Every structure is written in C-alpha cells, then in structure tokens.
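Structure file run03.tsv (TSV, C-alpha atoms) follows.
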chain	number	residue	atom	x	y	z
H	7	ARG	CA	0.00	0.00	0.00
H	8	ASP	CA	2.86	2.37	0.78
H	9	CYS	CA	4.34	1.69	-2.65
H	10	GLN	CA	0.98	2.20	-4.35
H	11	LYS	CA	0.69	5.61	-2.70
H	12	TRP	CA	4.23	6.44	-3.80
H	13	VAL	CA	3.43	5.47	-7.41
H	14	VAL	CA	0.28	7.63	-7.34
H	15	ASP	CA	2.28	10.62	-6.06
H	16	VAL	CA	4.95	10.18	-8.74
H	17	ALA	CA	2.35	9.66	-11.48
H	18	LYS	CA	0.70	12.96	-10.53
H	19	CYS	CA	3.93	14.65	-11.65
H	20	GLN	CA	3.12	13.31	-15.15
H	21	PRO	CA	6.48	11.67	-15.99
H	22	ASP	CA	6.91	9.83	-19.28
H	23	LEU	CA	8.39	6.79	-17.54
H	24	ILE	CA	8.59	5.25	-14.06
H	25	LEU	CA	11.48	2.80	-13.71
H	26	TRP	CA	11.79	0.39	-10.79
H	27	ASP	CA	15.35	-0.08	-9.57
H	28	ASP	CA	17.13	-3.46	-9.62
H	29	ASP	CA	16.46	-3.96	-5.91
H	30	PHE	CA	13.02	-5.02	-7.12
H	31	ARG	CA	13.88	-8.66	-6.43
H	32	MET	CA	13.00	-11.43	-4.02
H	33	SER	CA	16.47	-12.95	-3.54
H	34	ASN	CA	20.13	-12.61	-4.63
H	35	ASN	CA	20.74	-10.00	-1.97
H	36	GLU	CA	22.30	-9.94	1.49
H	37	HIS	CA	19.37	-11.91	2.88
H	38	GLY	CA	20.16	-15.18	1.10
H	39	LEU	CA	16.83	-16.95	0.83
H	40	GLY	CA	14.97	-13.67	0.41
H	41	CYS	CA	11.73	-12.68	2.08
H	42	CYS	CA	10.65	-15.28	4.63
H	43	CYS	CA	7.80	-13.40	6.25
H	44	GLU	CA	4.94	-15.50	7.56
H	45	LYS	CA	2.79	-14.71	4.52
H	46	HIS	CA	5.43	-15.99	2.09
H	47	MET	CA	6.11	-19.04	4.24
H	48	GLN	CA	2.39	-19.82	4.30
H	49	GLY	CA	2.34	-19.69	0.50
H	50	ILE	CA	5.30	-22.04	0.25
H	51	ARG	CA	3.81	-24.46	2.78
H	52	ALA	CA	0.50	-24.44	0.89
H	53	GLU	CA	2.31	-25.13	-2.38
H	54	LEU	CA	4.25	-28.02	-0.80
H	55	GLY	CA	1.44	-29.40	1.32
H	56	VAL	CA	3.86	-29.80	4.26
H	57	ASP	CA	4.99	-27.69	7.22
H	58	ILE	CA	8.55	-26.38	6.98
H	59	ASN	CA	10.59	-23.72	8.77
H	60	VAL	CA	12.94	-21.15	7.22
H	61	GLU	CA	16.18	-22.95	8.12
H	62	ASP	CA	15.05	-26.24	6.59
H	63	LEU	CA	13.67	-24.49	3.53
H	64	CYS	CA	17.03	-22.83	2.86
H	65	LYS	CA	18.80	-26.19	2.94
H	66	ARG	CA	16.19	-27.82	0.72
H	67	VAL	CA	16.31	-25.02	-1.86
H	68	PHE	CA	20.08	-24.62	-2.12
H	69	LEU	CA	21.44	-28.10	-1.43
H	70	GLY	CA	21.47	-30.76	-4.14
H	71	GLY	CA	19.66	-30.24	-7.43
H	72	LYS	CA	16.14	-29.68	-8.69
H	73	ASN	CA	13.48	-30.60	-6.12
H	74	LYS	CA	9.92	-29.75	-5.13
H	75	TYR	CA	11.05	-27.31	-2.40
H	76	ARG	CA	13.04	-25.21	-4.86
H	77	ASP	CA	10.16	-25.34	-7.34
H	78	ALA	CA	7.70	-24.13	-4.69
H	79	TRP	CA	10.07	-21.36	-3.53
H	80	ILE	CA	10.53	-20.11	-7.11
H	81	LYS	CA	6.79	-20.29	-7.85
H	82	VAL	CA	5.83	-18.27	-4.75
H	83	GLN	CA	8.55	-15.70	-5.45
H	84	GLU	CA	7.34	-15.22	-9.01
H	85	ALA	CA	3.68	-15.01	-8.00
H	86	SER	CA	4.52	-12.42	-5.34
H	87	ALA	CA	6.61	-10.29	-7.71
H	88	ASN	CA	3.92	-10.41	-10.40
H	89	TYR	CA	1.17	-9.57	-7.89
H	90	PHE	CA	3.18	-6.55	-6.72
H	91	SER	CA	3.75	-5.48	-10.34
H	92	LYS	CA	0.04	-5.67	-11.09
H	93	ARG	CA	-0.86	-3.56	-8.06
H	94	MET	CA	1.73	-0.91	-9.04
H	95	ARG	CA	0.35	-0.77	-12.59
H	96	GLU	CA	-3.15	-0.29	-11.23
H	97	ALA	CA	-1.93	2.55	-9.02
H	98	CYS	CA	-0.33	4.26	-12.00
H	99	ASP	CA	-3.41	3.74	-14.19
H	100	SER	CA	-5.57	5.44	-11.56
H	101	VAL	CA	-3.74	8.66	-12.49
H	102	ASN	CA	-2.62	8.19	-16.11
H	103	LYS	CA	-2.70	5.01	-18.20
H	104	ASP	CA	-0.24	6.45	-20.72
H	105	ILE	CA	2.71	6.62	-18.31
H	106	ARG	CA	5.17	3.85	-19.11
H	107	MET	CA	6.43	1.73	-16.24
H	108	GLY	CA	9.48	-0.51	-16.52
H	109	ALA	CA	11.94	-2.46	-14.42
H	110	CYS	CA	15.68	-2.72	-13.98
H	111	THR	CA	17.04	-6.24	-14.13
H	112	ALA	CA	18.47	-8.17	-11.22
H	113	SER	CA	20.18	-11.52	-11.70
H	114	THR	CA	17.22	-13.45	-10.29
H	115	ALA	CA	14.99	-11.93	-12.97
H	116	LEU	CA	17.28	-13.48	-15.59
H	117	ASP	CA	17.93	-16.83	-13.98
H	118	GLY	CA	16.18	-17.28	-10.64
H	119	GLY	CA	12.99	-18.68	-12.10
H	120	ILE	CA	11.21	-15.32	-12.21
H	121	ASP	CA	10.32	-14.30	-15.75
H	122	LEU	CA	11.63	-10.79	-16.34
H	123	PHE	CA	9.73	-10.38	-19.59
H	124	GLU	CA	6.37	-11.38	-18.08
H	125	ARG	CA	6.93	-8.90	-15.24
H	126	ALA	CA	7.82	-6.16	-17.75
H	127	LYS	CA	4.55	-6.75	-19.61
H	128	ILE	CA	2.56	-6.51	-16.37
H	129	LEU	CA	4.26	-3.27	-15.35
H	130	ALA	CA	3.77	-1.80	-18.83
H	131	GLY	CA	0.00	-2.27	-18.92
H	132	ASP	CA	-1.19	-0.91	-22.28
H	133	THR	CA	2.12	0.86	-22.99
H	134	LYS	CA	5.35	-0.37	-24.63
H	135	PRO	CA	7.31	-2.64	-22.20
H	136	PHE	CA	10.68	-1.30	-21.05
H	137	ILE	CA	13.66	-3.14	-19.50
H	138	ARG	CA	17.04	-1.94	-18.32
H	139	LEU	CA	19.54	-4.80	-18.26
H	140	LEU	CA	22.26	-5.45	-15.68
H	141	GLY	CA	26.03	-5.30	-15.88
H	142	ALA	CA	27.40	-1.80	-15.25
H	143	PRO	CA	30.82	-0.14	-15.66
H	144	TYR	CA	31.11	0.50	-11.92
H	145	ILE	CA	31.51	-3.25	-11.31
H	146	ALA	CA	35.08	-2.79	-12.59
H	147	TRP	CA	35.68	-0.36	-9.70
H	148	ASN	CA	38.41	-1.67	-7.37
H	149	ASN	CA	36.27	-1.69	-4.21
H	150	CYS	CA	33.17	-3.24	-5.73
H	151	PRO	CA	32.43	-6.54	-3.89
H	152	SER	CA	31.51	-8.33	-7.12
H	153	ARG	CA	34.33	-6.78	-9.14
H	154	CYS	CA	35.23	-8.20	-12.54
H	155	SER	CA	36.94	-6.75	-15.59
H	156	LEU	CA	35.17	-4.32	-17.87
H	157	GLY	CA	35.44	-6.87	-20.68
H	158	GLU	CA	33.60	-9.49	-18.67
H	159	ILE	CA	30.89	-6.97	-17.76
H	160	ILE	CA	30.35	-6.16	-21.42
H	161	GLU	CA	30.06	-9.87	-22.26
H	162	ILE	CA	27.44	-10.26	-19.50
H	163	GLU	CA	25.47	-7.43	-21.08
H	164	ARG	CA	25.78	-8.92	-24.56
H	165	THR	CA	24.59	-12.28	-23.20
H	166	ALA	CA	21.46	-10.65	-21.81
H	167	PHE	CA	20.80	-8.79	-25.06
H	168	GLY	CA	21.00	-12.17	-26.80
H	169	TRP	CA	18.23	-13.50	-24.57
H	170	CYS	CA	16.10	-10.44	-25.30
H	171	LYS	CA	16.10	-10.77	-29.09
H	172	ASN	CA	12.99	-12.97	-28.89
H	173	TYR	CA	11.03	-10.00	-27.50
H	174	PRO	CA	11.10	-7.35	-30.26
H	175	GLU	CA	8.07	-5.64	-28.75
H	176	MET	CA	10.16	-4.48	-25.77
H	177	GLU	CA	12.47	-1.49	-25.47
H	178	ILE	CA	15.70	-2.73	-23.91
H	179	VAL	CA	18.69	-0.66	-22.82
H	180	SER	CA	21.97	-1.36	-21.06
H	181	GLU	CA	23.00	-0.28	-17.55
H	182	GLY	CA	25.38	2.66	-17.88
H	183	ASP	CA	25.75	3.14	-14.13
H	184	THR	CA	28.83	4.89	-12.70
H	185	PHE	CA	27.97	4.32	-9.01
H	186	PRO	CA	29.24	5.47	-6.57
H	187	ARG	CA	30.70	8.49	-8.47
H	188	PRO	CA	32.63	10.76	-8.94
H	189	ARG	CA	35.33	9.86	-11.47
H	190	TYR	CA	38.04	9.01	-8.93
H	191	THR	CA	36.02	5.89	-8.11
H	192	THR	CA	34.50	5.05	-11.51
H	193	PRO	CA	36.42	6.75	-14.35
H	194	ALA	CA	34.51	8.23	-17.26
H	195	ALA	CA	36.63	6.01	-19.52
H	196	TYR	CA	34.80	2.96	-18.10
H	197	ILE	CA	31.36	4.09	-19.20
H	198	GLU	CA	32.59	5.52	-22.50
H	199	CYS	CA	34.33	2.25	-23.48
H	200	PHE	CA	31.27	0.31	-22.30
H	201	ASP	CA	28.95	2.45	-24.44
H	202	MET	CA	31.12	2.45	-27.58
H	203	ILE	CA	31.73	-1.30	-27.60
H	204	LEU	CA	28.03	-2.07	-27.16
H	205	ARG	CA	27.17	0.40	-29.95
H	206	ALA	CA	29.31	-1.68	-32.31
H	207	ASP	CA	27.23	-4.82	-31.67
H	208	PRO	CA	24.09	-4.59	-33.84
H	209	GLN	CA	22.22	-6.85	-31.39
H	210	THR	CA	22.35	-4.36	-28.52
H	211	GLY	CA	20.01	-1.46	-27.88
H	212	GLY	CA	20.42	1.93	-26.24
H	213	ILE	CA	21.96	2.84	-22.90
H	214	LEU	CA	20.68	4.48	-19.74
H	215	LYS	CA	23.62	6.56	-18.46
H	216	TYR	CA	23.82	7.46	-14.79
H	217	ILE	CA	26.17	10.42	-15.13
H	218	MET	CA	24.75	12.98	-12.71
H	219	ASP	CA	26.57	12.95	-9.37
H	220	TYR	CA	23.60	13.35	-7.06
H	221	HIS	CA	25.80	13.39	-3.92
H	222	SER	CA	27.75	16.52	-4.89
H	223	ASP	CA	26.99	20.04	-6.07
H	224	ALA	CA	25.86	20.24	-9.68
H	225	ASP	CA	29.03	22.05	-10.75
H	226	TYR	CA	31.45	19.74	-8.88
H	227	GLU	CA	31.51	16.71	-11.18
H	228	ARG	CA	30.97	17.67	-14.82
H	229	GLY	CA	33.39	15.14	-16.29
H	230	TYR	CA	30.93	12.41	-17.24
H	231	ILE	CA	28.76	14.88	-19.16
H	232	ASP	CA	31.77	16.60	-20.74
H	233	PHE	CA	33.01	13.27	-22.14
H	234	VAL	CA	29.57	12.41	-23.51
H	235	GLU	CA	29.53	15.70	-25.39
H	236	ARG	CA	33.13	15.31	-26.58
H	237	ASN	CA	32.57	11.75	-27.80
H	238	GLN	CA	29.32	12.35	-29.70
H	239	PRO	CA	31.14	12.46	-33.09
H	240	ILE	CA	32.72	9.07	-32.25
H	241	TYR	CA	29.29	7.62	-31.41
H	242	ASP	CA	28.05	8.79	-34.80
H	243	ILE	CA	31.00	7.19	-36.60
H	244	ILE	CA	30.51	3.86	-34.77
H	245	ASP	CA	26.78	3.84	-35.49
H	246	LYS	CA	27.36	4.50	-39.19
H	247	MET	CA	30.29	2.08	-39.53
H	248	PHE	CA	28.54	-0.92	-37.96
H	249	GLU	CA	24.95	-0.35	-39.09
H	250	GLY	CA	23.50	-3.42	-40.81
H	251	LYS	CA	26.49	-5.62	-40.06
H	252	THR	CA	26.58	-8.96	-38.23
H	253	THR	CA	28.90	-10.05	-35.45
H	254	THR	CA	31.09	-13.09	-36.05
H	255	GLY	CA	33.12	-15.22	-33.66
H	256	VAL	CA	32.77	-18.09	-31.25
H	257	ASN	CA	29.31	-18.72	-29.84
H	258	PRO	CA	29.15	-18.74	-26.01
H	259	ILE	CA	26.39	-21.14	-25.01
H	260	SER	CA	24.49	-19.31	-22.27
H	261	ILE	CA	21.29	-21.02	-21.20
H	262	GLN	CA	18.79	-18.90	-19.28
H	263	LYS	CA	17.22	-20.16	-16.03
H	264	THR	CA	19.77	-22.86	-15.27
H	265	PHE	CA	19.24	-22.17	-11.55
H	266	GLU	CA	16.13	-24.35	-11.52
H	267	THR	CA	18.25	-27.48	-12.02
H	268	ALA	CA	21.61	-26.26	-10.66
H	269	VAL	CA	23.42	-28.56	-8.22
H	270	SER	CA	25.19	-27.32	-5.09
H	271	GLU	CA	26.93	-29.20	-2.28
H	272	SER	CA	26.76	-26.29	0.16
H	273	CYS	CA	24.23	-23.69	1.27
H	274	ASP	CA	26.64	-21.18	2.78
H	275	LYS	CA	26.36	-17.50	1.81
H	276	ARG	CA	28.81	-17.78	-1.10
H	277	SER	CA	27.05	-20.81	-2.58
H	278	ILE	CA	23.70	-19.03	-2.45
H	279	GLU	CA	25.20	-15.99	-4.18
H	280	LEU	CA	26.65	-18.19	-6.92
H	281	MET	CA	23.43	-20.06	-7.50
H	282	THR	CA	21.18	-17.01	-7.61
H	283	ALA	CA	23.65	-15.26	-9.95
H	284	HIS	CA	23.99	-18.36	-12.07
H	285	PHE	CA	23.22	-16.45	-15.27
H	286	ASN	CA	26.85	-15.23	-15.52
H	287	ASN	CA	28.48	-17.69	-17.89
H	288	PRO	CA	31.96	-18.54	-16.52
H	289	CYS	CA	33.39	-18.42	-20.04
H	290	ASN	CA	32.88	-14.64	-20.16
H	291	LYS	CA	36.05	-14.03	-18.15
H	292	LEU	CA	38.23	-16.27	-20.29
H	293	LEU	CA	36.94	-15.03	-23.66
H	294	SER	CA	37.12	-11.33	-22.79
H	295	THR	CA	40.56	-11.55	-21.21
H	296	CYS	CA	41.95	-13.40	-24.23
H	297	THR	CA	40.13	-11.01	-26.63
H	298	ILE	CA	38.52	-13.91	-28.47
H	299	PRO	CA	35.79	-12.64	-30.86
H	300	THR	CA	32.28	-13.61	-29.75
H	301	ALA	CA	28.91	-13.68	-31.47
H	302	HIS	CA	26.18	-14.55	-28.97
H	303	GLY	CA	23.65	-16.77	-30.71
H	304	GLY	CA	25.89	-17.00	-33.77
H	305	GLU	CA	26.92	-20.03	-35.81
H	306	GLY	CA	30.60	-20.20	-34.87
H	307	VAL	CA	32.43	-22.71	-32.70
H	308	ASN	CA	30.54	-23.29	-29.45
H	309	VAL	CA	32.03	-22.31	-26.09
H	310	ILE	CA	30.43	-24.54	-23.46
H	311	PHE	CA	31.35	-23.95	-19.82
H	312	GLY	CA	29.82	-25.25	-16.62
H	313	ASP	CA	26.17	-26.24	-16.30
H	314	ASN	CA	25.36	-24.96	-19.79
H	315	ALA	CA	26.56	-28.38	-21.01
H	316	LYS	CA	23.44	-29.93	-19.43
H	317	TYR	CA	21.13	-28.15	-21.84
H	318	ILE	CA	22.91	-27.78	-25.18
H	319	ASP	CA	21.35	-29.55	-28.15
H	320	LEU	CA	23.83	-32.32	-28.90
H	321	ASP	CA	23.30	-31.79	-32.63
H	322	LEU	CA	25.11	-28.44	-32.28
H	323	LEU	CA	28.31	-30.16	-31.17
H	324	SER	CA	29.23	-30.82	-34.79
H	325	ARG	CA	30.32	-27.17	-35.11
H	326	GLY	CA	33.33	-27.72	-32.89
H	327	ASN	CA	33.48	-26.84	-29.20
H	328	ILE	CA	35.63	-25.16	-26.56
H	329	ILE	CA	34.78	-26.65	-23.15
H	330	ASP	CA	35.95	-26.40	-19.56
H	331	LEU	CA	36.42	-29.34	-17.21
H	332	ASN	CA	32.97	-28.90	-15.64
H	333	ALA	CA	31.36	-29.12	-19.06
H	334	ALA	CA	33.57	-32.06	-19.99
H	335	GLU	CA	32.29	-34.05	-17.02
H	336	ILE	CA	28.66	-33.23	-17.87
H	337	LEU	CA	29.07	-34.13	-21.55
H	338	MET	CA	30.74	-37.41	-20.56
H	339	GLN	CA	27.68	-38.18	-18.44
H	340	ARG	CA	25.56	-37.46	-21.52
H	341	GLY	CA	27.50	-40.06	-23.47
H	342	ILE	CA	29.78	-37.71	-25.42
H	343	ASP	CA	33.42	-38.67	-25.99
H	344	VAL	CA	35.40	-35.53	-25.07
H	345	GLY	CA	38.80	-37.22	-25.18
H	346	ILE	CA	39.10	-37.66	-21.41
H	347	LEU	CA	39.09	-41.03	-19.69
H	348	GLU	CA	38.78	-39.84	-16.09
H	349	ILE	CA	38.46	-36.57	-14.16
H	350	GLY	CA	40.48	-36.30	-10.96
H	351	ASP	CA	40.40	-33.87	-8.04
H	352	PHE	CA	40.46	-30.56	-9.96
H	353	LEU	CA	36.68	-30.11	-9.78
H	354	GLU	CA	36.66	-30.71	-6.05
H	355	GLU	CA	39.06	-27.81	-5.55
H	356	TYR	CA	37.29	-25.26	-7.75
H	357	GLY	CA	33.68	-26.37	-7.43
H	358	LYS	CA	31.25	-28.02	-9.81
H	359	GLY	CA	28.83	-26.20	-12.02
H	360	PHE	CA	29.82	-22.58	-11.47
H	361	GLY	CA	33.54	-21.97	-11.81
H	362	THR	CA	36.20	-21.81	-14.43
H	363	LEU	CA	39.96	-21.40	-14.07
H	364	PRO	CA	41.16	-19.70	-10.85
H	365	ASN	CA	41.57	-15.92	-10.84
H	366	GLN	CA	45.37	-15.90	-10.81
H	367	TYR	CA	45.31	-16.67	-14.54
H	368	PHE	CA	43.65	-13.36	-15.36
H	369	LYS	CA	44.57	-9.68	-15.26
H	370	ASP	CA	41.47	-7.70	-14.35
H	371	GLU	CA	42.81	-4.38	-15.62
H	372	LYS	CA	42.50	-5.50	-19.25
H	373	ILE	CA	39.33	-4.47	-21.07
H	374	GLY	CA	39.66	-7.40	-23.45
H	375	VAL	CA	36.52	-7.34	-25.58
H	376	ILE	CA	36.57	-7.95	-29.32
H	377	PHE	CA	34.14	-9.32	-31.85
H	378	GLY	CA	34.41	-9.80	-35.57
H	379	ILE	CA	32.08	-8.00	-37.92
H	380	THR	CA	31.02	-8.98	-41.41
Would you write the structure of this file as structure tokens?
Amino acid sequence: RDCQKWVVDVAKCQPDLILWDDDFRMSNNEHGLGCCCEKHMQGIRAELGVDINVEDLCKRVFLGGKNKYRDAWIKVQEASANYFSKRMREACDSVNKDIRMGACTASTALDGGIDLFERAKILAGDTKPFIRLLGAPYIAWNNCPSRCSLGEIIEIERTAFGWCKNYPEMEIVSEGDTFPRPRYTTPAAYIECFDMILRADPQTGGILKYIMDYHSDADYERGYIDFVERNQPIYDIIDKMFEGKTTTGVNPISIQKTFETAVSESCDKRSIELMTAHFNNPCNKLLSTCTIPTAHGGEGVNVIFGDNAKYIDLDLLSRGNIIDLNAAEILMQRGIDVGILEIGDFLEEYGKGFGTLPNQYFKDEKIGVIFGIT
C-alpha cells in the first residue's frame, strides 16, 4: 500500500516513464533466501502441502539439485513479484494510463525462475514494455564486492541482449551506471568504453547513463557529461560504420534459467550468491581476457562452460566446441566422448557447475573485448 501511494504521487507529476530499480527482487541479496515473512512461508507451505521452517527451507532449496522445495520457492517468489507489479500498474493507471512503467534487471529476474519479460509486460500495462539490463561499468571499480573486468561486464550485457532478441516488442537498454561516483572511483573512460563497444554490436540497444553525481553540487563533477559531449562524433562514426552488419566469432552457449536445475553441495552465503547469480556464464572471463571474438547466438564454434553443457542440443556439437572441465564431465555423463578417460580432483578444488579457471590466470585491468564484424 505504501508503494501504491508512492506510485500515485509520482504519477501525478506526469512523468513519461517510471522505472523500478534493480532492488526489485526477491532474492540474490544480502538476505540469502529472500523474504521469509509469515505470509510468504504460508504460501510455500501451501504449495508443498507440508509444514517447513525457514532454516530447513534454505537447505532444501540450495542443497542438491532440482526438487519440489526449490520449485515451490521459485513459484511463490514469481507469484509475489507479479502480484506486486500488477498492483503498481493499477496505481499508475488510476492517475494516467499512458505513463510507461518498466523495471531494472536483477540476476534473479534473468535466472532465478522469475520471468523478467512477463513482469515487464505486467508493469507496462497498455504501454510499450521497457527493460534496463544489468552489468554496469562501476563493477570494474576496485572496491566493488563483485568486481570483474570491464570486458567481462560487457560480455554479461551482450549475453542478456541475446536473450532479449525474442522479445522485439520491448524497449531494452543497457546499464550505464557509474555508481558510486565521482570519477576518482569510476572513471569516465569505463562508461565511455562500455557504451562504444556495445554500440558496435548490432544486437544491442540503447543505454541508460547514470552520469549525474547526485551526492555533490551540480558544478562539482561535470566530467561524465563533458566526455559524452566530446565523444558524440565518435558515437556517430561507430553507429554509421557498424549499421547493418553482423557479429562473427565463437558462440558462447548461455542457457537462461539454469538455476532451476543447478546442483550445489553447500548452502553457505557464497554458494547461495553463486546459484542465484547463475546467469553469468563462466566463459565470459576467459573469452574477454583473451580477446577472443564472440557472437552470442551466432553459428561459430561453441564455447560450453559449466552447467550450460546440461542443456545444449547435442546436434550443435558438430560445429566444434571449446569446453571447460565442468562441461567435460557433464558431456561425458551425456554419453559424449570428449577425449578424457577420467576426471580427478580438480573439480573438487574449484567447485562443480559454477567456476572456471582460478583468478590468478587473469589480469582484471585489461578491457579485453573484441568481436568480428562482417
């Protein structure tokens, strides 16, 4: 009800668009399992037909593989998020049905069982659906807890754009966030490189740039805006040069919603974070660091890492494949000869399903993104 009142108050200002931030999520946050209020627990118990407490539910959801407890948890989360979205749309419509309402993406909306595109349609009502993806330049900031290289971030964004191509009715933009600002934390070069590289990929859309430093005086941090103005001729050149072209390169196999069947042997905080952020293909780090050209959804050699090997159509293997040891084990279990007789202790050290090579093999300061164009 508080949120409905807030939406009504904002709608009275007659904005063109209301955009919900990426904290609009049920899990993949500091609270692990997500909301476990009595109302949500009642819904899960009703779905299961058994009584269960929060501690046991957490173990059932995050230990092992697909099971009825995880299914019920996902179903109740999705129903709750969609119910909330419907109520917010109704609140907006009570003032003006023409105001567009969209959502920023969190990882659970891409992989945690909740359907981002269905939620976007509910929020949009009778207007054009709008989505802002995830994967922002600030994640390359040294003190960011989930830090990874700018190249890997761009590959994450390109992966998500690949999933969105089946929804041409939606307006989809990338996350040009420079949090926490100003430029001594997140340099303007990060967002400018991010923007220019994505512009060169015909599959990507626009960008929502967060370049106003709302913590400081308006005249304190002008750098982000100055660089946007300075680089406008370069944007125009990139747009003209790559218009109508097609990306070429290896094809990273990135299956959406692998969390539903993911397997974990632990339910500690780190394991929960990995599982609810399972959308990030572990091959992104390797490919971007080695500047290997990629074409997401293309017809090049497949790159199959981790749990993605569970879902790939085996007929596609005839293209040629680059695999990691996790994928090798899965393909062996599916009856594919990968040239390995036996897998030893390596997987036990680095974890099944989620990881790739250890971090010491990579230099995070490299941007490392390249894709061929024809």
Using only C-alpha atoms, which residue out of H:Asp8, H:Glu305, H:Asp29, H:Asp201 lies closest to Ile244 (chain H)?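 Once distances to Ile244 (chain H) are computed over only C-alpha atoms, the minimum belongs to H:Asp201.
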Please compute the CA of Cys98 (chain H)-CA of Ile24 (chain H) distance, one decimal, in Å.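 Pair CA of Cys98 (chain H) / CA of Ile24 (chain H) returns 9.2 Å.
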Contacts of Leu337 (chain H) at 10 Å or less, counting only C-alpha atoms, minus same-chain residues fewer than 4 places along, as a list of chain:residue names?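 Once the adjacent positions are removed, what remains is H:Ile310, H:Asp313, H:Ala315, H:Lys316, H:Tyr317, H:Ile318, H:Leu320, H:Ile329, H:Leu331, H:Asn332, H:Ala333, H:Gly341, H:Ile342, H:Asp343, H:Val344.
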Report, in Å with one decimal, the straight-line distance from CA of Lys246 (chain H) to CA of Phe200 (chain H).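 Computing it gives 17.8 Å between the two atoms.
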Option closest in space to Thr267 (chain H), from H:Cys64, H:Cys110, H:Leu69, H:Met218 [counting all atoms listed in the file]: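 Distance minimum relative to Thr267 (chain H) lands on H:Leu69.
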When you get a chance, write out N, CA and C atoms for region 76-101 of chain H, as an mmCIF file, in the coordinates of the input.
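As a result, selection-v9.cif now contains:
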data_model
loop_
_atom_site.group_PDB
_atom_site.id
_atom_site.type_symbol
_atom_site.label_atom_id
_atom_site.label_comp_id
_atom_site.auth_asym_id
_atom_site.auth_seq_id
_atom_site.Cartn_x
_atom_site.Cartn_y
_atom_site.Cartn_z
ATOM 1 N N ARG H 76 12.545 -26.314 -4.032
ATOM 2 C CA ARG H 76 13.040 -25.210 -4.860
ATOM 3 C C ARG H 76 11.953 -24.751 -5.823
ATOM 4 N N ASP H 77 11.235 -25.697 -6.411
ATOM 5 C CA ASP H 77 10.160 -25.340 -7.340
ATOM 6 C C ASP H 77 9.105 -24.480 -6.650
ATOM 7 N N ALA H 78 8.724 -24.875 -5.424
ATOM 8 C CA ALA H 78 7.700 -24.130 -4.690
ATOM 9 C C ALA H 78 8.204 -22.736 -4.324
ATOM 10 N N TRP H 79 9.460 -22.638 -3.899
ATOM 11 C CA TRP H 79 10.070 -21.360 -3.530
ATOM 12 C C TRP H 79 10.089 -20.413 -4.728
ATOM 13 N N ILE H 80 10.492 -20.927 -5.897
ATOM 14 C CA ILE H 80 10.530 -20.110 -7.110
ATOM 15 C C ILE H 80 9.118 -19.674 -7.497
ATOM 16 N N LYS H 81 8.165 -20.597 -7.434
ATOM 17 C CA LYS H 81 6.790 -20.290 -7.850
ATOM 18 C C LYS H 81 6.184 -19.197 -6.989
ATOM 19 N N VAL H 82 6.390 -19.278 -5.659
ATOM 20 C CA VAL H 82 5.830 -18.270 -4.750
ATOM 21 C C VAL H 82 6.523 -16.930 -4.947
ATOM 22 N N GLN H 83 7.843 -16.946 -5.167
ATOM 23 C CA GLN H 83 8.550 -15.700 -5.450
ATOM 24 C C GLN H 83 7.989 -15.022 -6.696
ATOM 25 N N GLU H 84 7.820 -15.799 -7.752
ATOM 26 C CA GLU H 84 7.340 -15.220 -9.010
ATOM 27 C C GLU H 84 5.921 -14.689 -8.862
ATOM 28 N N ALA H 85 5.069 -15.453 -8.190
ATOM 29 C CA ALA H 85 3.680 -15.010 -8.000
ATOM 30 C C ALA H 85 3.637 -13.719 -7.189
ATOM 31 N N SER H 86 4.491 -13.615 -6.173
ATOM 32 C CA SER H 86 4.520 -12.420 -5.340
ATOM 33 C C SER H 86 4.997 -11.213 -6.130
ATOM 34 N N ALA H 87 6.076 -11.397 -6.915
ATOM 35 C CA ALA H 87 6.610 -10.290 -7.710
ATOM 36 C C ALA H 87 5.595 -9.830 -8.756
ATOM 37 N N ASN H 88 4.904 -10.770 -9.381
ATOM 38 C CA ASN H 88 3.920 -10.410 -10.400
ATOM 39 C C ASN H 88 2.689 -9.740 -9.781
ATOM 40 N N TYR H 89 2.289 -10.199 -8.597
ATOM 41 C CA TYR H 89 1.170 -9.570 -7.890
ATOM 42 C C TYR H 89 1.510 -8.118 -7.561
ATOM 43 N N PHE H 90 2.722 -7.904 -7.045
ATOM 44 C CA PHE H 90 3.180 -6.550 -6.720
ATOM 45 C C PHE H 90 3.178 -5.680 -7.982
ATOM 46 N N SER H 91 3.684 -6.232 -9.083
ATOM 47 C CA SER H 91 3.750 -5.480 -10.340
ATOM 48 C C SER H 91 2.356 -5.065 -10.804
ATOM 49 N N LYS H 92 1.415 -5.979 -10.675
ATOM 50 C CA LYS H 92 0.040 -5.670 -11.090
ATOM 51 C C LYS H 92 -0.564 -4.555 -10.255
ATOM 52 N N ARG H 93 -0.331 -4.602 -8.933
ATOM 53 C CA ARG H 93 -0.860 -3.560 -8.060
ATOM 54 C C ARG H 93 -0.238 -2.196 -8.387
ATOM 55 N N MET H 94 1.066 -2.181 -8.724
ATOM 56 C CA MET H 94 1.730 -0.910 -9.040
ATOM 57 C C MET H 94 1.195 -0.349 -10.358
ATOM 58 N N ARG H 95 0.915 -1.234 -11.323
ATOM 59 C CA ARG H 95 0.350 -0.770 -12.590
ATOM 60 C C ARG H 95 -1.023 -0.172 -12.374
ATOM 61 N N GLU H 96 -1.808 -0.811 -11.527
ATOM 62 C CA GLU H 96 -3.150 -0.290 -11.230
ATOM 63 C C GLU H 96 -3.076 1.076 -10.570
ATOM 64 N N ALA H 97 -2.094 1.254 -9.682
ATOM 65 C CA ALA H 97 -1.930 2.550 -9.020
ATOM 66 C C ALA H 97 -1.590 3.633 -10.036
ATOM 67 N N CYS H 98 -0.709 3.298 -10.963
ATOM 68 C CA CYS H 98 -0.330 4.260 -12.000
ATOM 69 C C CYS H 98 -1.514 4.573 -12.909
ATOM 70 N N ASP H 99 -2.257 3.555 -13.295
ATOM 71 C CA ASP H 99 -3.410 3.740 -14.190
ATOM 72 C C ASP H 99 -4.487 4.606 -13.563
ATOM 73 N N SER H 100 -4.552 4.613 -12.227
ATOM 74 C CA SER H 100 -5.570 5.440 -11.560
ATOM 75 C C SER H 100 -5.320 6.931 -11.783
ATOM 76 N N VAL H 101 -4.090 7.259 -12.209
ATOM 77 C CA VAL H 101 -3.740 8.660 -12.490
ATOM 78 C C VAL H 101 -3.622 8.890 -13.992
#
